[in-house]
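query.txt (compact mmCIF, C-alpha atoms) appears below.
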```
# COMPACT_ATOMS: atom_id res chain seq x y z
CA MET P 1 -18.56 1.46 21.39
CA SER P 2 -19.15 0.40 17.80
CA ASP P 3 -17.28 -2.59 16.33
CA ARG P 4 -14.36 -1.24 14.29
CA ARG P 5 -14.56 -4.43 12.17
CA GLN P 6 -17.91 -3.42 10.70
CA PRO P 7 -17.61 -2.01 7.14
CA ARG P 8 -17.96 1.75 7.19
CA THR P 9 -20.70 3.29 5.12
CA ALA P 10 -19.46 6.84 5.55
CA THR P 11 -18.21 8.76 2.55
CA GLY P 12 -15.24 10.16 4.44
CA PRO P 13 -11.80 10.20 2.84
CA VAL P 14 -8.89 7.79 2.98
CA LEU P 15 -5.93 9.65 4.48
CA ILE P 16 -2.58 8.68 2.95
CA VAL P 17 0.36 9.87 5.04
CA GLY P 18 3.42 10.48 2.86
CA PHE P 19 3.48 10.98 -0.90
CA VAL P 20 4.78 8.18 -3.16
CA GLY P 21 4.31 9.21 -6.76
CA VAL P 22 4.87 5.79 -8.32
CA THR P 23 1.79 4.40 -6.54
CA LEU P 24 -0.70 6.87 -8.04
CA ALA P 25 -1.69 4.60 -10.93
CA ALA P 26 -2.12 1.56 -8.68
CA ILE P 27 -4.27 3.44 -6.15
CA GLY P 28 -6.36 4.90 -8.98
CA GLU P 29 -7.41 1.39 -10.00
CA PHE P 30 -9.60 0.97 -6.92
CA GLN P 31 -10.09 4.32 -5.19
CA PRO P 32 -13.14 6.24 -6.46
CA ASP P 33 -12.99 9.86 -7.52
CA ASP P 34 -12.54 12.51 -4.81
CA SER P 35 -11.85 9.91 -2.09
CA VAL P 36 -8.25 10.47 -0.90
CA ILE P 37 -6.54 13.24 1.06
CA TYR P 38 -2.74 13.20 1.21
CA ILE P 39 -0.84 14.42 4.27
CA GLU P 40 2.73 15.52 3.65
CA GLU P 41 5.44 17.61 5.30
CA PRO P 42 5.46 21.24 4.04
CA ASP P 43 9.15 21.07 3.06
CA VAL P 44 8.57 17.88 1.07
CA VAL P 45 5.51 19.35 -0.66
CA ARG P 46 7.65 22.27 -1.78
CA LYS P 47 10.77 20.35 -2.76
CA ARG P 48 8.98 17.56 -4.62
CA HIS P 49 6.27 19.77 -6.18
CA VAL P 50 3.63 17.48 -4.71
CA ARG P 51 0.70 19.79 -5.44
CA GLU P 52 1.61 19.84 -9.11
CA GLN P 53 1.90 16.04 -9.18
CA LEU P 54 -1.53 15.62 -7.58
CA ASP P 55 -3.22 18.19 -9.78
CA GLY P 56 -5.76 16.45 -12.00
CA VAL P 57 -5.54 13.05 -10.27
CA ALA P 58 -9.18 11.99 -10.13
CA PHE P 59 -9.17 10.14 -6.80
CA VAL P 60 -7.43 12.98 -4.90
CA ARG P 61 -9.70 15.21 -2.82
CA GLY P 62 -6.96 17.34 -1.33
CA LEU P 63 -3.56 17.76 0.30
CA ILE P 64 -2.94 18.80 3.90
CA GLU P 65 0.52 20.06 4.78
CA TRP P 66 1.45 18.83 8.25
CA GLU P 67 4.72 18.24 10.14
CA TYR P 68 3.88 14.63 10.89
CA HIS P 69 7.47 13.61 11.72
CA LEU P 70 7.19 15.48 15.03
CA ALA P 71 5.86 14.00 18.28
CA GLY P 72 2.26 14.83 19.20
CA LYS P 73 1.33 15.89 15.69
CA ALA P 74 -1.27 13.13 15.22
CA ASP P 75 -3.22 14.25 18.28
CA GLU P 76 -2.88 17.86 17.15
CA PHE P 77 -4.19 16.88 13.69
CA HIS P 78 -7.17 15.05 15.20
CA ASN P 79 -8.06 18.07 17.33
CA ALA P 80 -7.71 20.39 14.33
CA HIS P 81 -9.87 18.12 12.11
CA PRO P 82 -12.46 16.52 14.45
CA ASP P 83 -15.12 16.27 11.74
CA LEU P 84 -12.96 14.88 8.93
CA ALA P 85 -14.39 11.36 9.49
CA PRO P 86 -11.77 9.37 7.54
CA VAL P 87 -12.51 5.75 6.65
CA ALA P 88 -8.84 4.63 6.67
CA ILE P 89 -5.38 5.93 7.57
CA VAL P 90 -2.60 4.59 5.31
CA PRO P 91 1.12 5.08 6.08
CA ALA P 92 2.84 5.30 2.69
CA ILE P 93 6.45 5.72 3.85
CA GLU P 94 8.62 4.61 6.76
CA TYR P 95 8.62 7.94 8.59
CA ALA P 96 4.81 8.14 8.47
CA THR P 97 4.11 4.98 10.45
CA PRO P 98 3.94 6.34 14.04
CA PHE P 99 1.81 9.33 13.02
CA ALA P 100 -0.57 7.11 10.99
CA ALA P 101 -0.83 4.59 13.82
CA ARG P 102 -1.70 7.22 16.40
CA LEU P 103 -4.12 9.00 14.06
CA ALA P 104 -5.93 5.70 13.42
CA GLU P 105 -6.28 5.26 17.18
CA ARG P 106 -7.74 8.75 17.58
CA TYR P 107 -10.28 8.24 14.79
CA GLY P 108 -11.14 4.70 15.94
CA LEU P 109 -9.81 3.01 12.81
CA PRO P 110 -7.74 -0.16 12.21
CA GLY P 111 -3.98 0.27 12.26
CA SER P 112 -0.76 -1.14 13.57
CA GLY P 113 -1.11 0.48 16.98
CA LEU P 114 1.19 3.28 18.14
CA GLY P 115 3.23 0.99 20.38
CA ALA P 116 4.02 -1.40 17.54
CA ALA P 117 4.82 1.46 15.16
CA GLN P 118 7.26 3.02 17.62
CA ILE P 119 9.07 -0.28 18.19
CA LEU P 120 9.39 -0.94 14.46
CA ARG P 121 10.73 2.58 13.84
CA ASP P 122 13.61 2.11 16.32
CA LYS P 123 15.90 -0.75 15.27
CA ALA P 124 17.58 -0.90 18.67
CA LEU P 125 14.24 -1.15 20.45
CA LEU P 126 13.08 -3.80 17.98
CA ARG P 127 16.21 -5.82 18.75
CA ARG P 128 15.40 -5.90 22.48
CA VAL P 129 11.71 -6.64 22.08
CA SER P 130 12.12 -9.38 19.48
CA ALA P 131 15.08 -10.99 21.26
CA ALA P 132 12.98 -11.23 24.44
CA ALA P 133 10.47 -13.21 22.36
CA GLY P 134 13.20 -15.69 21.34
CA ILE P 135 13.81 -14.32 17.84
CA ALA P 136 17.43 -14.47 16.64
CA ASN P 137 19.11 -11.07 16.16
CA PRO P 138 22.67 -10.06 15.33
CA ALA P 139 24.64 -8.73 18.29
CA SER P 140 24.09 -4.95 18.42
CA VAL P 141 25.02 -1.94 20.55
CA ARG P 142 24.28 1.77 20.42
CA VAL P 143 27.39 3.82 19.64
CA ASN P 144 28.05 7.53 20.02
CA GLY P 145 31.34 7.82 18.14
CA PRO P 146 34.29 6.02 16.56
CA ASP P 147 35.60 4.76 19.92
CA GLY P 148 32.42 2.76 20.48
CA VAL P 149 32.66 1.27 17.01
CA ARG P 150 36.31 0.28 17.53
CA GLU P 151 35.48 -1.30 20.88
CA PHE P 152 32.68 -3.37 19.34
CA LEU P 153 34.83 -4.34 16.35
CA GLY P 154 37.73 -5.33 18.61
CA GLY P 155 35.57 -7.79 20.49
CA ARG P 156 34.54 -9.69 17.35
CA ASP P 157 36.23 -12.04 14.91
CA GLY P 158 34.63 -10.59 11.77
CA PRO P 159 33.30 -7.38 10.24
CA VAL P 160 30.66 -5.13 11.77
CA VAL P 161 27.89 -3.02 10.29
CA LEU P 162 27.53 0.63 11.26
CA LYS P 163 23.98 1.91 10.66
CA PRO P 164 21.36 4.37 11.92
CA ALA P 165 18.60 3.04 14.16
CA ASN P 166 16.00 5.38 12.69
CA ARG P 167 16.54 5.82 8.94
CA GLN P 168 15.45 4.11 5.71
CA ALA P 169 16.83 3.05 2.30
CA ALA P 170 20.21 1.94 3.72
CA VAL P 171 21.07 5.60 4.40
CA GLY P 172 24.16 5.93 6.60
CA THR P 173 24.95 2.19 6.52
CA ARG P 174 28.40 0.69 5.96
CA VAL P 175 30.28 -2.57 6.52
CA ILE P 176 33.58 -2.11 8.41
CA ARG P 177 36.25 -4.81 8.20
CA ASP P 178 39.29 -3.14 9.72
CA PRO P 179 39.83 -0.78 12.70
CA ALA P 180 41.70 1.56 10.36
CA GLU P 181 38.43 2.20 8.51
CA VAL P 182 36.46 3.33 11.55
CA GLU P 183 37.14 7.11 11.55
CA ARG P 184 36.35 7.46 7.86
CA ALA P 185 33.35 5.12 8.08
CA TRP P 186 31.89 7.10 11.01
CA ALA P 187 32.19 10.37 9.09
CA ASP P 188 30.76 8.68 6.00
CA CYS P 189 27.75 7.27 7.86
CA LEU P 190 26.92 10.60 9.48
CA VAL P 191 26.02 11.94 6.02
CA GLN P 192 22.33 11.04 6.11
CA ASP P 193 20.86 13.62 3.78
CA GLU P 194 17.81 12.25 1.93
CA GLY P 195 17.31 15.44 -0.05
CA VAL P 196 13.81 16.11 -1.31
CA PHE P 197 12.33 13.10 0.51
CA VAL P 198 12.58 14.53 4.03
CA PRO P 199 11.97 17.87 5.77
CA ASP P 200 14.80 20.39 5.95
CA ARG P 201 15.01 20.27 9.76
CA PRO P 202 17.58 17.77 11.10
CA MET P 203 16.61 14.31 12.32
CA GLU P 204 17.91 12.80 15.55
CA LEU P 205 21.23 10.96 15.15
CA SER P 206 21.00 7.41 16.51
CA MET P 207 23.70 4.92 15.49
CA LEU P 208 24.20 1.18 15.98
CA ALA P 209 27.20 -1.11 15.56
CA GLU P 210 26.09 -4.62 14.72
CA GLU P 211 27.51 -8.05 14.05
CA TYR P 212 27.98 -8.71 10.33
CA LEU P 213 26.11 -11.85 9.30
CA ASP P 214 27.14 -13.79 6.21
CA GLY P 215 24.25 -15.47 4.43
CA PRO P 216 21.41 -15.04 1.93
CA GLU P 217 19.01 -12.15 2.51
CA PHE P 218 15.23 -12.18 2.28
CA SER P 219 12.23 -10.07 3.13
CA VAL P 220 8.77 -11.23 4.14
CA GLU P 221 5.73 -9.19 3.13
CA MET P 222 2.79 -10.09 5.36
CA LEU P 223 -0.74 -8.68 5.31
CA VAL P 224 -2.07 -8.76 8.87
CA ARG P 225 -5.52 -8.34 10.40
CA ASP P 226 -6.07 -8.47 14.15
CA GLY P 227 -2.50 -9.74 14.46
CA HIS P 228 -3.12 -12.76 12.19
CA PRO P 229 -1.52 -13.26 8.75
CA LEU P 230 -3.84 -13.11 5.73
CA PHE P 231 -1.16 -13.25 3.02
CA VAL P 232 2.57 -14.06 3.09
CA ASN P 233 5.28 -13.66 0.44
CA VAL P 234 9.03 -14.24 0.71
CA THR P 235 11.26 -12.08 -1.50
CA GLY P 236 14.84 -13.03 -2.33
CA LYS P 237 17.41 -10.22 -2.29
CA GLN P 238 20.80 -9.58 -3.88
CA LEU P 239 23.16 -6.73 -2.96
CA PHE P 240 25.54 -4.65 -5.01
CA PRO P 241 29.18 -5.43 -4.14
CA GLY P 242 30.96 -2.92 -1.95
CA PRO P 243 30.93 -1.60 1.63
CA HIS P 244 27.40 -0.19 1.43
CA PRO P 245 24.67 -2.89 1.56
CA VAL P 246 22.43 -1.51 -1.20
CA GLU P 247 19.91 -3.90 -2.73
CA MET P 248 20.59 -4.82 -6.35
CA ALA P 249 17.75 -7.28 -7.09
CA HIS P 250 14.44 -8.51 -5.68
CA ILE P 251 13.13 -11.95 -6.68
CA VAL P 252 9.45 -12.88 -6.10
CA PRO P 253 8.86 -15.43 -4.80
CA ALA P 254 12.29 -16.29 -3.42
CA ASP P 255 13.76 -19.32 -5.20
CA ILE P 256 14.15 -21.38 -2.01
CA PRO P 257 12.80 -24.65 -0.53
CA GLN P 258 9.26 -24.44 0.81
CA GLU P 259 10.48 -25.38 4.27
CA LEU P 260 12.67 -22.27 4.48
CA ALA P 261 9.86 -20.10 3.11
CA ARG P 262 7.52 -21.43 5.79
CA THR P 263 10.15 -20.81 8.47
CA LEU P 264 10.65 -17.19 7.37
CA GLY P 265 6.88 -16.65 7.37
CA ALA P 266 6.54 -18.17 10.82
CA GLN P 267 9.37 -16.04 12.20
CA THR P 268 7.73 -12.91 10.78
CA ALA P 269 4.47 -13.88 12.47
CA ARG P 270 6.47 -14.09 15.72
CA VAL P 271 7.73 -10.53 15.15
CA VAL P 272 4.15 -9.37 14.58
CA ALA P 273 3.11 -10.94 17.88
CA ALA P 274 6.19 -9.70 19.73
CA VAL P 275 5.57 -6.02 18.92
CA GLY P 276 1.75 -6.27 19.13
CA PHE P 277 1.14 -5.27 15.49
CA ARG P 278 -2.60 -5.35 14.75
CA ASP P 279 -3.66 -4.29 11.24
CA GLY P 280 -1.75 -3.51 8.07
CA ILE P 281 1.35 -4.83 6.32
CA VAL P 282 4.79 -5.62 7.64
CA HIS P 283 7.96 -5.83 5.53
CA CYS P 284 10.49 -7.81 7.59
CA GLU P 285 14.07 -8.33 6.42
CA TRP P 286 16.10 -11.42 7.36
CA ILE P 287 19.58 -12.90 6.92
CA VAL P 288 19.83 -16.68 7.15
CA SER P 289 23.19 -17.37 8.80
CA GLY P 290 24.20 -20.84 9.91
CA GLY P 291 20.77 -22.07 8.87
CA VAL P 292 19.02 -19.68 11.30
CA PRO P 293 16.96 -16.62 10.19
CA HIS P 294 18.23 -13.49 11.96
CA LEU P 295 16.06 -10.37 12.03
CA VAL P 296 17.63 -7.40 10.23
CA GLU P 297 14.76 -4.94 10.58
CA CYS P 298 11.00 -4.75 10.12
CA ALA P 299 8.83 -1.95 8.71
CA GLY P 300 5.12 -1.48 9.34
CA ARG P 301 4.24 -0.38 5.81
CA LEU P 302 4.30 -1.51 2.19
CA ALA P 303 7.65 -2.59 0.80
CA GLY P 304 9.38 -0.31 -1.67
CA GLY P 305 11.74 -1.07 -4.53
CA GLY P 306 9.09 -2.54 -6.83
CA ILE P 307 8.33 -5.47 -4.49
CA VAL P 308 4.58 -4.79 -4.38
CA ASP P 309 4.38 -4.69 -8.18
CA THR P 310 6.23 -7.97 -8.52
CA ILE P 311 4.08 -9.66 -5.86
CA GLN P 312 0.89 -8.56 -7.58
CA LEU P 313 2.09 -9.99 -10.90
CA ALA P 314 3.68 -13.22 -9.69
CA TYR P 315 0.78 -14.57 -7.67
CA PRO P 316 -1.33 -12.70 -8.97
CA VAL P 317 -2.96 -10.84 -6.08
CA GLU P 318 -4.51 -7.42 -5.51
CA LEU P 319 -2.24 -6.71 -2.56
CA MET P 320 -2.59 -2.93 -2.57
CA ARG P 321 -6.38 -3.10 -2.71
CA SER P 322 -6.40 -5.75 0.03
CA TYR P 323 -4.17 -3.59 2.24
CA TYR P 324 -6.53 -0.64 1.92
CA ALA P 325 -9.50 -2.92 2.67
CA VAL P 326 -7.89 -4.16 5.90
CA LEU P 327 -7.24 -0.57 7.01
CA ARG P 328 -10.90 0.22 6.31
CA GLY P 329 -11.95 -2.66 8.58
CA GLU P 330 -13.22 -4.69 5.62
CA ASP P 331 -12.44 -8.10 4.20
CA PRO P 332 -10.07 -8.20 1.23
CA PRO P 333 -12.07 -8.13 -2.03
CA VAL P 334 -11.05 -11.64 -3.18
CA GLY P 335 -9.45 -14.75 -1.76
CA LEU P 336 -5.72 -14.34 -1.13
CA PRO P 337 -3.46 -16.98 -2.75
CA ARG P 338 -1.03 -19.09 -0.72
CA ARG P 339 1.44 -19.70 -3.56
CA ALA P 340 2.61 -17.78 -6.61
CA LYS P 341 1.70 -19.01 -10.08
CA GLY P 342 4.75 -17.44 -11.73
CA GLY P 343 7.73 -15.27 -10.97
CA ALA P 344 8.77 -11.63 -11.16
CA ALA P 345 12.00 -9.79 -10.50
CA VAL P 346 13.45 -6.33 -10.05
CA ARG P 347 16.98 -5.39 -11.09
CA PHE P 348 18.33 -1.97 -10.18
CA LEU P 349 20.82 0.06 -12.21
CA ALA P 350 23.87 1.81 -10.81
CA ALA P 351 26.31 4.42 -12.08
CA GLY P 352 29.86 5.13 -10.99
CA PRO P 353 31.01 8.49 -9.62
CA GLY P 354 31.12 11.35 -12.09
CA ARG P 355 28.85 13.18 -14.53
CA VAL P 356 26.42 11.31 -16.77
CA ALA P 357 27.45 11.88 -20.37
CA ALA P 358 24.88 9.65 -22.11
CA VAL P 359 22.43 6.80 -21.58
CA HIS P 360 22.16 4.01 -24.17
CA GLY P 361 20.15 0.83 -24.70
CA VAL P 362 16.85 1.67 -23.03
CA GLU P 363 14.76 0.54 -26.00
CA ASP P 364 16.86 -2.63 -26.35
CA ALA P 365 16.13 -3.39 -22.69
CA ARG P 366 12.40 -2.93 -23.21
CA ARG P 367 12.44 -5.50 -26.01
CA VAL P 368 13.69 -8.31 -23.75
CA ASP P 369 11.00 -10.99 -23.25
CA GLY P 370 8.92 -10.49 -20.12
CA VAL P 371 10.21 -7.00 -19.34
CA PHE P 372 7.37 -4.65 -18.41
CA LEU P 373 9.27 -1.70 -16.96
CA VAL P 374 12.57 0.02 -17.74
CA ALA P 375 12.97 3.33 -15.95
CA VAL P 376 16.33 5.09 -15.99
CA THR P 377 16.48 8.04 -13.60
CA ALA P 378 20.02 9.06 -14.64
CA GLU P 379 20.05 11.79 -17.27
CA PRO P 380 22.91 13.52 -19.08
CA GLY P 381 24.37 16.17 -16.80
CA ASP P 382 23.42 14.38 -13.56
CA ARG P 383 26.24 13.85 -11.09
CA PHE P 384 26.72 10.68 -9.07
CA THR P 385 29.02 10.28 -6.09
CA GLY P 386 28.87 6.48 -6.01
CA LEU P 387 26.48 3.93 -4.53
CA ARG P 388 26.01 4.80 -0.86
CA HIS P 389 22.29 4.12 -0.34
CA SER P 390 19.13 3.24 -2.25
CA TRP P 391 18.52 6.82 -3.42
CA ASP P 392 21.81 6.61 -5.38
CA ARG P 393 20.55 3.91 -7.74
CA ALA P 394 20.25 5.05 -11.35
CA GLY P 395 17.19 3.14 -12.52
CA ILE P 396 15.04 0.03 -12.31
CA VAL P 397 14.07 -2.91 -14.53
CA MET P 398 11.16 -5.30 -13.85
CA ALA P 399 10.35 -8.57 -15.59
CA THR P 400 8.00 -11.54 -15.28
CA ALA P 401 8.26 -15.19 -16.30
CA ASP P 402 6.89 -18.63 -15.46
CA SER P 403 9.47 -18.90 -12.65
CA SER P 404 11.28 -16.44 -10.42
CA ALA P 405 14.66 -17.68 -11.67
CA GLU P 406 13.73 -16.96 -15.30
CA ALA P 407 12.25 -13.60 -14.33
CA LEU P 408 15.57 -12.64 -12.73
CA ARG P 409 17.49 -13.78 -15.82
CA ARG P 410 15.28 -11.56 -18.01
CA ALA P 411 15.64 -8.58 -15.68
CA GLU P 412 19.42 -9.02 -15.64
CA ALA P 413 19.53 -9.23 -19.46
CA ALA P 414 17.55 -6.02 -19.74
CA ALA P 415 19.73 -4.27 -17.15
CA ALA P 416 22.84 -5.36 -19.07
CA ALA P 417 21.45 -3.74 -22.23
CA VAL P 418 21.44 -0.31 -20.55
CA ARG P 419 24.76 1.56 -20.56
CA ILE P 420 25.30 4.75 -18.58
CA ASP P 421 28.38 6.63 -19.78
CA ILE P 422 30.15 8.49 -16.99
CA GLU P 423 32.72 11.25 -17.32
CA GLU P 424 35.03 11.33 -14.32
CA GLU P 425 35.43 14.71 -12.64
CA ALA P 426 38.25 16.13 -10.58
```
Could you render the structure as structure tokens?
Amino acid sequence: MSDRRQPRTATGPVLIVGFVGVTLAAIGEFQPDDSVIYIEEPDVVRKRHVREQLDGVAFVRGLIEWEYHLAGKADEFHNAHPDLAPVAIVPAIEYATPFAARLAERYGLPGSGLGAAQILRDKALLRRVSAAAGIANPASVRVNGPDGVREFLGGRDGPVVLKPANRQAAVGTRVIRDPAEVERAWADCLVQDEGVFVPDRPMELSMLAEEYLDGPEFSVEMLVRDGHPLFVNVTGKQLFPGPHPVEMAHIVPADIPQELARTLGAQTARVVAAVGFRDGIVHCEWIVSGGVPHLVECAGRLAGGGIVDTIQLAYPVELMRSYYAVLRGEDPPVGLPRRAKGGAAVRFLAAGPGRVAAVHGVEDARRVDGVFLVAVTAEPGDRFTGLRHSWDRAGIVMATADSSAEALRRAEAAAAAVRIDIEEEA
């Protein structure tokens, strides 16, 4: 058998599983013309007009519609395309990770490994596996209805978190502080519609009740090859107030003591070893409670929410290019830095429930020092039902500075300059 670590000289395509439109420009900086084939669910292709968005993109060779959410579809794809000869398989979204891992195995390419991908996709399974390796986790149980939630809440002194074991973007997640909230919270959390981002067929319902941990939140982004870290970043997180834990800000690198940053990196490396993750990137989320990092969840793909952009600017580092190189079985193109040289931050925008009447201040926000992106997704006529998950956010601001603290201050100043007028509806 040939060594999968040897650089591939074939001219086969890179297969990207899952379409993320905001990454097109970044991928175009290093992928040559006619070198990428996207794989996306037929419903998502239709609802998001993916073919139209890919039309004219120089590095795109094609688009294959495939129901990759379903079990066995990677093996079916490999049998249907035995001569495709891809040079890398890249999972672009959370739901693509098991399919991409299995497809990489079938084509003999680097990847996370199917076993690791399946563990990371199931938060309950990840709890058991990581806890057996000595990693701190919040107390957690599977629940099938309000009675299970009430029983778990009754046995604890503080709040609990009700969440799906198998979704993304804080969909279906809520903090419950009182038994009287349970019925309504259960009904609320069962609404897990992600609209255009998922296929029309229903997804399996799998719910957890977990101990609520009070403490600062972080994520660790780690580039991994053969199970060993090549690059590590710690991102600081802030949440919007309210019962739904939706992220309001990302700060890169986290403004914390080096000792805590090293501890979070070491704990993430333990997660990588515990699940047997081989090649790719992990995005592990942590809450530090009582001085101890507790694992919230871990994804085997690139972080969303502008984190990759801020990492690339703060260090600087070609993280996206390096990730693709690892999945091709190659060395990253340049040395990877151990510490950031500056700071960068993301601040999200939110709108209250009602109809958007007007949006003001976008140009004022763009004139704030260090701001390099202001994108408001809310438009007049749009309707918002409140902030329930990440898809409900109304826009994003990104800024850079000499320090992460100053970058956050600039991002917050720009976000404050944007005003979204809402007309309440009956």
Ile307 of chain P proximity check over P:Ala88, P:Leu230, P:Leu213, P:Met398, using all atoms listed in the file: winner is P:Met398
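Considering all atoms listed in the file, the residue among P:Val198, P:Leu162, P:Phe218, P:Pro380 positioned nearest to Arg184 of chain P is P:Leu162.
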In Å and to one decimal, atom CA of Pro98 of chain P is distant from atom CA of Tyr324 of chain P by 17.5 Å
Checklist entry - Around (-2.8, -16.6, 9.4) in the file's own coordinates, what residues are found within 12 Å if you use only C-alpha atoms, given back as a VMD selection string? => result chain P and resid 222 to 232 262 265 to 266 268 to 270 272 to 273 336 338
Expected file: the selected residues, C-alpha atoms, as a compact mmCIF listing (two decimals), in the frame of the given file:
```
# COMPACT_ATOMS: atom_id res chain seq x y z
CA MET P 222 2.79 -10.09 5.36
CA LEU P 223 -0.74 -8.68 5.31
CA VAL P 224 -2.07 -8.76 8.87
CA ARG P 225 -5.52 -8.34 10.40
CA ASP P 226 -6.07 -8.47 14.15
CA GLY P 227 -2.50 -9.74 14.46
CA HIS P 228 -3.12 -12.76 12.19
CA PRO P 229 -1.52 -13.26 8.75
CA LEU P 230 -3.84 -13.11 5.73
CA PHE P 231 -1.16 -13.25 3.02
CA VAL P 232 2.57 -14.06 3.09
CA ARG P 262 7.52 -21.43 5.79
CA GLY P 265 6.88 -16.65 7.37
CA ALA P 266 6.54 -18.17 10.82
CA THR P 268 7.73 -12.91 10.78
CA ALA P 269 4.47 -13.88 12.47
CA ARG P 270 6.47 -14.09 15.72
CA VAL P 272 4.15 -9.37 14.58
CA ALA P 273 3.11 -10.94 17.88
CA LEU P 336 -5.72 -14.34 -1.13
CA ARG P 338 -1.03 -19.09 -0.72
```
Which residue out of P:Leu84, P:Tyr95, P:Ile27, P:Cys298 has the minimum interatomic distance to Leu125 of chain P when all atoms listed in the file are used?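 Closest candidate: P:Cys298.
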If you count all atoms listed in the file, the residue of P:Leu319, P:Leu208, P:Ile39, P:Ala96 closest to Ala71 of chain P turns out to be P:Ala96
* Which one of P:Glu181, P:Glu210, P:Glu423, P:Asp193 sits closest to Pro138 of chain P if you count all atoms listed in the file? ->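 Using all atoms listed in the file, Pro138 of chain P sits closest to P:Glu210.
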Place N, CA and C atoms on segment 299-315 of chain P and deliver the coordinates as a PDB file, in the coordinates of the input.
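As written to disk, part38.pdb reads:
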```pdb
ATOM      1  N   ALA P 299       9.570  -3.192   8.933  1.00  0.00           N
ATOM      2  CA  ALA P 299       8.830  -1.950   8.710  1.00  0.00           C
ATOM      3  C   ALA P 299       7.332  -2.233   8.716  1.00  0.00           C
ATOM      4  N   GLY P 300       6.571  -1.324   9.276  1.00  0.00           N
ATOM      5  CA  GLY P 300       5.120  -1.480   9.340  1.00  0.00           C
ATOM      6  C   GLY P 300       4.418  -0.756   8.214  1.00  0.00           C
ATOM      7  N   ARG P 301       4.849  -1.022   6.982  1.00  0.00           N
ATOM      8  CA  ARG P 301       4.240  -0.380   5.810  1.00  0.00           C
ATOM      9  C   ARG P 301       4.581  -1.204   4.577  1.00  0.00           C
ATOM     10  N   LEU P 302       4.026  -0.814   3.425  1.00  0.00           N
ATOM     11  CA  LEU P 302       4.300  -1.510   2.190  1.00  0.00           C
ATOM     12  C   LEU P 302       5.786  -1.477   1.848  1.00  0.00           C
ATOM     13  N   ALA P 303       6.271  -2.550   1.267  1.00  0.00           N
ATOM     14  CA  ALA P 303       7.650  -2.590   0.800  1.00  0.00           C
ATOM     15  C   ALA P 303       7.832  -1.655  -0.381  1.00  0.00           C
ATOM     16  N   GLY P 304       9.046  -1.131  -0.514  1.00  0.00           N
ATOM     17  CA  GLY P 304       9.380  -0.310  -1.670  1.00  0.00           C
ATOM     18  C   GLY P 304      10.174  -1.121  -2.677  1.00  0.00           C
ATOM     19  N   GLY P 305      10.846  -0.423  -3.589  1.00  0.00           N
ATOM     20  CA  GLY P 305      11.740  -1.070  -4.530  1.00  0.00           C
ATOM     21  C   GLY P 305      11.060  -1.998  -5.516  1.00  0.00           C
ATOM     22  N   GLY P 306       9.792  -1.738  -5.838  1.00  0.00           N
ATOM     23  CA  GLY P 306       9.090  -2.540  -6.830  1.00  0.00           C
ATOM     24  C   GLY P 306       8.587  -3.877  -6.315  1.00  0.00           C
ATOM     25  N   ILE P 307       8.743  -4.170  -5.027  1.00  0.00           N
ATOM     26  CA  ILE P 307       8.330  -5.470  -4.490  1.00  0.00           C
ATOM     27  C   ILE P 307       6.823  -5.671  -4.594  1.00  0.00           C
ATOM     28  N   VAL P 308       6.042  -4.642  -4.294  1.00  0.00           N
ATOM     29  CA  VAL P 308       4.580  -4.790  -4.380  1.00  0.00           C
ATOM     30  C   VAL P 308       4.145  -5.108  -5.803  1.00  0.00           C
ATOM     31  N   ASP P 309       4.727  -4.415  -6.784  1.00  0.00           N
ATOM     32  CA  ASP P 309       4.380  -4.690  -8.180  1.00  0.00           C
ATOM     33  C   ASP P 309       4.689  -6.130  -8.559  1.00  0.00           C
ATOM     34  N   THR P 310       5.854  -6.618  -8.161  1.00  0.00           N
ATOM     35  CA  THR P 310       6.230  -7.970  -8.520  1.00  0.00           C
ATOM     36  C   THR P 310       5.359  -9.011  -7.813  1.00  0.00           C
ATOM     37  N   ILE P 311       4.996  -8.759  -6.562  1.00  0.00           N
ATOM     38  CA  ILE P 311       4.080  -9.660  -5.860  1.00  0.00           C
ATOM     39  C   ILE P 311       2.743  -9.737  -6.582  1.00  0.00           C
ATOM     40  N   GLN P 312       2.205  -8.581  -6.944  1.00  0.00           N
ATOM     41  CA  GLN P 312       0.890  -8.560  -7.580  1.00  0.00           C
ATOM     42  C   GLN P 312       0.882  -9.301  -8.902  1.00  0.00           C
ATOM     43  N   LEU P 313       2.008  -9.303  -9.611  1.00  0.00           N
ATOM     44  CA  LEU P 313       2.090  -9.990 -10.900  1.00  0.00           C
ATOM     45  C   LEU P 313       2.402 -11.473 -10.747  1.00  0.00           C
ATOM     46  N   ALA P 314       3.247 -11.837  -9.808  1.00  0.00           N
ATOM     47  CA  ALA P 314       3.680 -13.220  -9.690  1.00  0.00           C
ATOM     48  C   ALA P 314       2.602 -14.145  -9.152  1.00  0.00           C
ATOM     49  N   TYR P 315       1.727 -13.650  -8.293  1.00  0.00           N
ATOM     50  CA  TYR P 315       0.780 -14.570  -7.670  1.00  0.00           C
ATOM     51  C   TYR P 315      -0.415 -14.952  -8.545  1.00  0.00           C
TER      52      TYR P 315
END
```
